[in-house]
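Dropping protein_39.tsv in here (TSV, C-alpha atoms):
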chain	number	residue	atom	x	y	z
A	15	ALA	CA	-13.75	11.21	-1.92
A	16	GLN	CA	-10.76	10.65	0.32
A	17	SER	CA	-7.27	11.86	-0.48
A	18	VAL	CA	-3.78	12.03	0.96
A	19	ALA	CA	-1.03	14.53	0.25
A	20	GLN	CA	2.66	14.08	0.95
A	21	PRO	CA	4.09	17.47	0.06
A	22	GLU	CA	7.72	16.39	-0.02
A	23	ASP	CA	9.06	13.98	-2.61
A	24	GLN	CA	12.34	13.76	-0.77
A	25	VAL	CA	13.52	14.34	2.80
A	26	ASN	CA	17.23	14.35	3.66
A	27	VAL	CA	18.50	14.24	7.23
A	28	ALA	CA	21.76	13.50	8.94
A	29	GLU	CA	22.06	10.40	11.09
A	30	GLY	CA	21.19	11.17	14.70
A	31	ASN	CA	19.00	14.14	13.83
A	32	PRO	CA	15.23	14.10	14.22
A	33	LEU	CA	13.16	13.47	11.13
A	34	THR	CA	9.66	14.42	10.05
A	35	VAL	CA	7.78	13.16	7.02
A	36	LYS	CA	4.63	15.15	6.36
A	37	CYS	CA	1.16	13.96	5.49
A	38	THR	CA	-2.19	15.71	5.22
A	39	TYR	CA	-5.49	14.05	4.46
A	40	SER	CA	-9.06	14.65	3.42
A	41	VAL	CA	-11.85	12.24	4.32
A	42	SER	CA	-15.51	12.25	5.29
A	43	GLY	CA	-16.06	11.28	8.87
A	44	ASN	CA	-13.44	9.95	11.25
A	45	PRO	CA	-10.12	9.16	9.57
A	46	TYR	CA	-8.29	5.87	9.74
A	47	LEU	CA	-4.67	6.80	9.03
A	48	PHE	CA	-1.60	4.70	8.35
A	49	TRP	CA	2.08	4.86	7.54
A	50	TYR	CA	3.76	2.17	5.48
A	51	VAL	CA	7.43	1.81	4.56
A	52	GLN	CA	9.03	0.25	1.51
A	53	TYR	CA	12.70	-0.58	1.80
A	54	PRO	CA	14.72	-1.01	-1.42
A	55	ASN	CA	13.87	-4.28	-3.14
A	56	ARG	CA	11.53	-5.27	-0.34
A	57	GLY	CA	7.78	-5.35	0.11
A	58	LEU	CA	5.58	-2.74	1.70
A	59	GLN	CA	5.42	-2.95	5.50
A	60	PHE	CA	3.00	-1.50	8.02
A	61	LEU	CA	4.59	1.02	10.43
A	62	LEU	CA	1.80	2.50	12.52
A	63	LYS	CA	-1.81	3.61	12.53
A	64	TYR	CA	-4.29	5.98	14.07
A	65	ILE	CA	-7.82	4.73	14.48
A	66	THR	CA	-8.97	6.39	17.70
A	67	GLY	CA	-7.61	7.43	21.08
A	68	ASP	CA	-4.33	9.21	21.81
A	69	ASN	CA	-3.22	11.59	19.13
A	70	LEU	CA	0.39	10.42	19.42
A	71	VAL	CA	0.79	6.88	18.17
A	72	LYS	CA	3.93	4.79	18.37
A	73	GLY	CA	4.95	2.18	15.85
A	74	SER	CA	7.76	-0.02	14.68
A	75	TYR	CA	11.46	0.89	14.61
A	76	GLY	CA	11.04	3.87	16.97
A	77	PHE	CA	8.71	5.79	14.68
A	78	GLU	CA	5.75	7.78	15.92
A	79	ALA	CA	3.10	9.94	14.34
A	80	GLU	CA	0.89	12.72	15.60
A	81	PHE	CA	-2.72	13.00	14.55
A	82	ASN	CA	-3.88	16.62	14.34
A	83	LYS	CA	-7.56	16.89	13.53
A	84	SER	CA	-7.67	20.67	13.16
A	85	GLN	CA	-4.80	20.64	10.68
A	86	THR	CA	-5.89	17.34	9.09
A	87	SER	CA	-2.33	16.12	9.40
A	88	PHE	CA	-0.62	12.89	10.39
A	89	HIS	CA	3.11	13.58	10.28
A	90	LEU	CA	5.60	10.76	10.82
A	91	LYS	CA	8.45	11.45	13.23
A	92	LYS	CA	11.50	9.87	14.77
A	93	PRO	CA	13.72	11.53	17.39
A	94	SER	CA	17.01	10.18	16.05
A	95	ALA	CA	17.35	8.97	12.46
A	96	LEU	CA	19.38	5.95	11.41
A	97	VAL	CA	20.97	5.30	8.03
A	98	SER	CA	18.86	2.13	7.91
A	99	ASP	CA	15.69	4.27	7.99
A	100	SER	CA	16.40	5.30	4.41
A	101	ALA	CA	13.37	4.10	2.44
A	102	LEU	CA	10.18	5.15	0.68
A	103	TYR	CA	7.38	6.11	3.07
A	104	PHE	CA	3.69	6.14	2.25
A	105	CYS	CA	0.87	7.74	4.17
A	106	ALA	CA	-2.57	6.21	3.63
A	107	VAL	CA	-6.15	6.85	4.62
A	108	ARG	CA	-8.76	4.12	4.80
A	109	ASP	CA	-12.43	4.72	4.42
A	110	ASN	CA	-14.32	3.85	7.59
A	111	THR	CA	-16.93	1.72	5.86
A	112	ASN	CA	-17.07	-1.99	5.26
A	113	ALA	CA	-15.58	-1.44	1.81
A	114	GLY	CA	-12.27	-0.73	3.53
A	115	LYS	CA	-10.58	0.90	0.57
A	116	SER	CA	-7.34	2.76	1.19
A	117	THR	CA	-5.89	5.71	-0.68
A	118	PHE	CA	-2.13	6.15	-0.65
A	119	GLY	CA	-0.05	9.29	-0.92
A	120	ASP	CA	2.59	9.67	-3.60
A	121	GLY	CA	5.32	8.67	-1.19
A	122	THR	CA	8.33	10.42	0.34
A	123	THR	CA	11.84	9.14	-0.11
A	124	LEU	CA	13.77	9.50	3.13
A	125	THR	CA	17.55	9.55	2.88
A	126	VAL	CA	19.58	9.49	6.08
A	127	LYS	CA	23.23	10.34	5.57
A	128	PRO	CA	25.98	9.19	7.93
B	12	SER	CA	0.24	-9.79	10.22
B	13	ALA	CA	-0.47	-12.23	7.42
B	14	VAL	CA	2.13	-13.93	5.26
B	15	ILE	CA	1.38	-13.49	1.57
B	16	SER	CA	3.06	-15.12	-1.38
B	17	GLN	CA	2.70	-14.16	-5.02
B	18	LYS	CA	3.55	-16.09	-8.16
B	19	PRO	CA	5.31	-15.33	-10.40
B	20	SER	CA	7.71	-12.88	-8.78
B	21	ARG	CA	8.50	-11.41	-12.18
B	22	ASP	CA	7.81	-12.08	-15.84
B	23	ILE	CA	8.54	-10.67	-19.24
B	24	CYS	CA	5.61	-11.05	-21.62
B	25	GLN	CA	4.87	-10.23	-25.21
B	26	ARG	CA	2.31	-7.68	-26.27
B	27	GLY	CA	-1.16	-9.19	-26.75
B	28	THR	CA	-0.71	-12.10	-24.35
B	29	SER	CA	-2.19	-12.57	-20.87
B	30	LEU	CA	-0.60	-13.28	-17.50
B	31	THR	CA	-2.27	-14.66	-14.39
B	32	ILE	CA	-0.83	-13.67	-11.02
B	33	GLN	CA	-1.56	-15.79	-7.99
B	34	CYS	CA	-1.86	-14.57	-4.41
B	35	GLN	CA	-1.86	-17.01	-1.48
B	36	VAL	CA	-2.42	-15.99	2.16
B	37	ASP	CA	-1.51	-18.07	5.18
B	38	SER	CA	-4.81	-17.36	6.95
B	39	GLN	CA	-8.42	-16.71	6.08
B	40	VAL	CA	-9.10	-13.05	5.36
B	41	THR	CA	-12.19	-11.22	4.29
B	42	MET	CA	-10.69	-8.27	2.49
B	43	MET	CA	-8.20	-8.76	-0.31
B	44	PHE	CA	-7.03	-6.08	-2.72
B	45	TRP	CA	-5.02	-5.80	-5.91
B	46	TYR	CA	-2.82	-2.76	-6.54
B	47	ARG	CA	-0.52	-1.54	-9.27
B	48	GLN	CA	2.68	0.34	-8.52
B	49	GLN	CA	5.24	1.86	-10.82
B	50	PRO	CA	8.69	1.49	-9.20
B	51	GLY	CA	9.23	4.24	-6.67
B	52	GLN	CA	5.74	5.62	-7.11
B	53	SER	CA	2.40	5.42	-5.35
B	54	LEU	CA	-0.01	2.51	-5.25
B	55	THR	CA	-3.15	2.53	-7.36
B	56	LEU	CA	-6.01	0.29	-6.29
B	57	ILE	CA	-7.22	-1.90	-9.14
B	58	ALA	CA	-10.00	-3.79	-7.38
B	59	THR	CA	-11.27	-5.44	-4.24
B	60	ALA	CA	-11.40	-9.21	-4.62
B	61	ASN	CA	-14.66	-10.49	-3.13
B	62	GLN	CA	-15.00	-14.12	-2.12
B	63	GLY	CA	-17.85	-15.78	-3.96
B	64	SER	CA	-18.84	-12.75	-6.01
B	65	GLU	CA	-17.53	-10.45	-8.69
B	66	ALA	CA	-14.66	-8.16	-7.82
B	67	THR	CA	-15.28	-4.46	-7.23
B	68	TYR	CA	-13.26	-2.42	-9.71
B	69	GLU	CA	-11.98	1.12	-9.31
B	70	SER	CA	-12.49	3.81	-11.88
B	71	GLY	CA	-10.30	3.17	-14.90
B	72	PHE	CA	-10.09	-0.59	-14.42
B	73	VAL	CA	-12.47	-3.06	-16.04
B	74	ILE	CA	-13.17	-6.74	-15.64
B	75	ASP	CA	-12.39	-7.59	-19.26
B	76	LYS	CA	-8.85	-6.26	-18.87
B	77	PHE	CA	-8.21	-7.39	-15.28
B	78	PRO	CA	-10.39	-10.40	-14.47
B	79	ILE	CA	-10.09	-11.45	-10.83
B	80	SER	CA	-11.02	-14.70	-9.14
B	81	ARG	CA	-11.44	-15.31	-5.42
B	82	PRO	CA	-12.53	-18.91	-4.92
B	83	ASN	CA	-11.91	-18.96	-1.15
B	84	LEU	CA	-10.70	-16.80	1.75
B	85	THR	CA	-6.99	-17.56	1.25
B	86	PHE	CA	-6.47	-17.31	-2.51
B	87	SER	CA	-6.99	-14.94	-5.42
B	88	THR	CA	-5.79	-14.47	-8.96
B	89	LEU	CA	-5.46	-11.38	-11.12
B	90	THR	CA	-5.16	-11.74	-14.87
B	91	VAL	CA	-3.70	-8.99	-17.00
B	92	SER	CA	-5.27	-9.53	-20.40
B	93	ASN	CA	-4.21	-8.50	-23.90
B	94	MET	CA	-1.14	-6.83	-22.49
B	95	SER	CA	0.51	-3.71	-23.84
B	96	PRO	CA	3.75	-2.03	-22.73
B	97	GLU	CA	1.64	0.37	-20.63
B	98	ASP	CA	0.77	-2.59	-18.39
B	99	SER	CA	4.40	-2.91	-17.33
B	100	SER	CA	4.31	-2.40	-13.58
B	101	ILE	CA	4.50	-4.07	-10.20
B	102	TYR	CA	1.28	-5.79	-9.18
B	103	LEU	CA	0.67	-6.15	-5.47
B	104	CYS	CA	-1.77	-8.28	-3.56
B	105	SER	CA	-2.75	-7.16	-0.08
B	106	VAL	CA	-5.08	-8.25	2.69
B	107	GLU	CA	-6.59	-6.39	5.57
B	108	ILE	CA	-6.04	-8.00	8.93
B	109	SER	CA	-9.50	-8.52	10.40
B	110	GLY	CA	-10.21	-6.06	13.20
B	111	SER	CA	-6.95	-4.13	12.85
B	112	TYR	CA	-7.62	-2.24	9.61
B	113	GLU	CA	-3.95	-2.44	8.62
B	114	GLN	CA	-2.85	-4.14	5.43
B	115	SER	CA	-0.24	-6.79	4.78
B	116	PHE	CA	1.27	-6.83	1.31
B	117	GLY	CA	2.66	-9.54	-0.88
B	118	PRO	CA	6.14	-9.19	-2.35
B	119	GLY	CA	4.74	-8.12	-5.70
B	120	THR	CA	4.93	-9.34	-9.27
B	121	ARG	CA	7.14	-7.29	-11.57
B	122	LEU	CA	5.68	-7.42	-15.06
B	123	THR	CA	7.46	-6.21	-18.17
B	124	VAL	CA	5.58	-6.20	-21.47
B	125	THR	CA	7.64	-6.01	-24.65
Go ahead and express the file in the form of structure tokens.
Amino acid sequence: AQSVAQPEDQVNVAEGNPLTVKCTYSVSGNPYLFWYVQYPNRGLQFLLKYITGDNLVKGSYGFEAEFNKSQTSFHLKKPSALVSDSALYFCAVRDNTNAGKSTFGDGTTLTVKP
Amino acid sequence: SAVISQKPSRDICQRGTSLTIQCQVDSQVTMMFWYRQQPGQSLTLIATANQGSEATYESGFVIDKFPISRPNLTFSTLTVSNMSPEDSSIYLCSVEISGSYEQSFGPGTRLTVT
């Protein structure tokens, strides 16, 4: 069975500082990994994904994530946080079969303070 | 990404009644999913809606309680039957973009059962 862990319920950073939101996963075979973001009172949006290729993937709004196979991690990063980045972030792993089911982490609330 | 609409956006229902939620996609998609999310919490997959066949339910969810229809590649409904207050939640429809593996989500239906 596949699983995702987001060890931090909450991450607080000051505007302009770098941010990291952590994610570790467990899956059989090659992982398909994703980050989604949910802004207050808005729907869930896709941010970025790792399917294959370069371990560092870039996504929307200046976010990037690094796939680390040995540590089974896929941490979300941004060099300089904005107040508008404040939101709920979900890491997800998709099974690599035709069933295509995804398992989501519990979510991390990112708060960026001015 | 796909554009997904859900109806109703919210509803307040009495215990013992049923509610049908509609999900409409602006393009034909193979994979369509129904999730449940408590506000600020993770997503739980209810079922995969299969076009032309019975939905595939996850552990803990049964067809009698959550019947799903998928008459074509752009539309699905989820019914929450014989509702109890424990069914109060946000119900999300999502689709997987063919070939990309990422999901697009509808805006959700906020259900309150009194």
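One distance worth recording is that between atom CA of Glu80 of chain A and atom CA of Leu47 of chain A, which is 10.4 Å.
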Interface list for chain B, partner chain A, 7 Å threshold, all atoms listed in the file, as JSON, numbers by chain | {"B": [52, 53, 54, 114, 115, 116, 117, 118]}
Compile the contact shell of Lys127 of chain A as a PyMOL selection string: residues with an atom at most 10 Å away, counting only C-alpha atoms, same-chain residues fewer than 2 positions apart removed.
-> chain A and resi 26-30+95-100+124-125
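Distance-wise, atom CA of Thr38 of chain A and atom CA of Leu56 of chain B end up 19.6 Å apart.
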Would you list the residues near (-5.2, -8.4, 3.8), meaning any protein, DNA or RNA residue with an atom at most 7 Å from that point in file coordinates, counting all atoms listed in the file, as a list in words?
->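 Collected hits near the coordinates: Val40, Met42, Met43, Ser105, Val106, Glu107, Ile108, Gln114 and Ser115 of chain B.
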Can you tell me how far atom CA of Phe77 of chain B sits from atom CA of Asp37 of chain B, in Å to one decimal?
->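 That distance, rounded to one decimal, is 24.0 Å.
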Close residues, Thr55 of chain B itself excluded, 7 Å, only C-alpha atoms, min 3 positions apart in chain, as a list in words = Tyr46, Arg47 and Gln48 of chain B
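Restricting the calculation to only C-alpha atoms, the smallest distance between Gly67 of chain A and any of A:Thr86, A:Phe81, A:Thr34, A:Tyr39 is found for A:Phe81.
Each of B:Gly63, B:Gly119, B:Pro78, B:Gly110 was compared to Leu30 of chain B using only C-alpha atoms, and B:Pro78 turns out to be the nearest.
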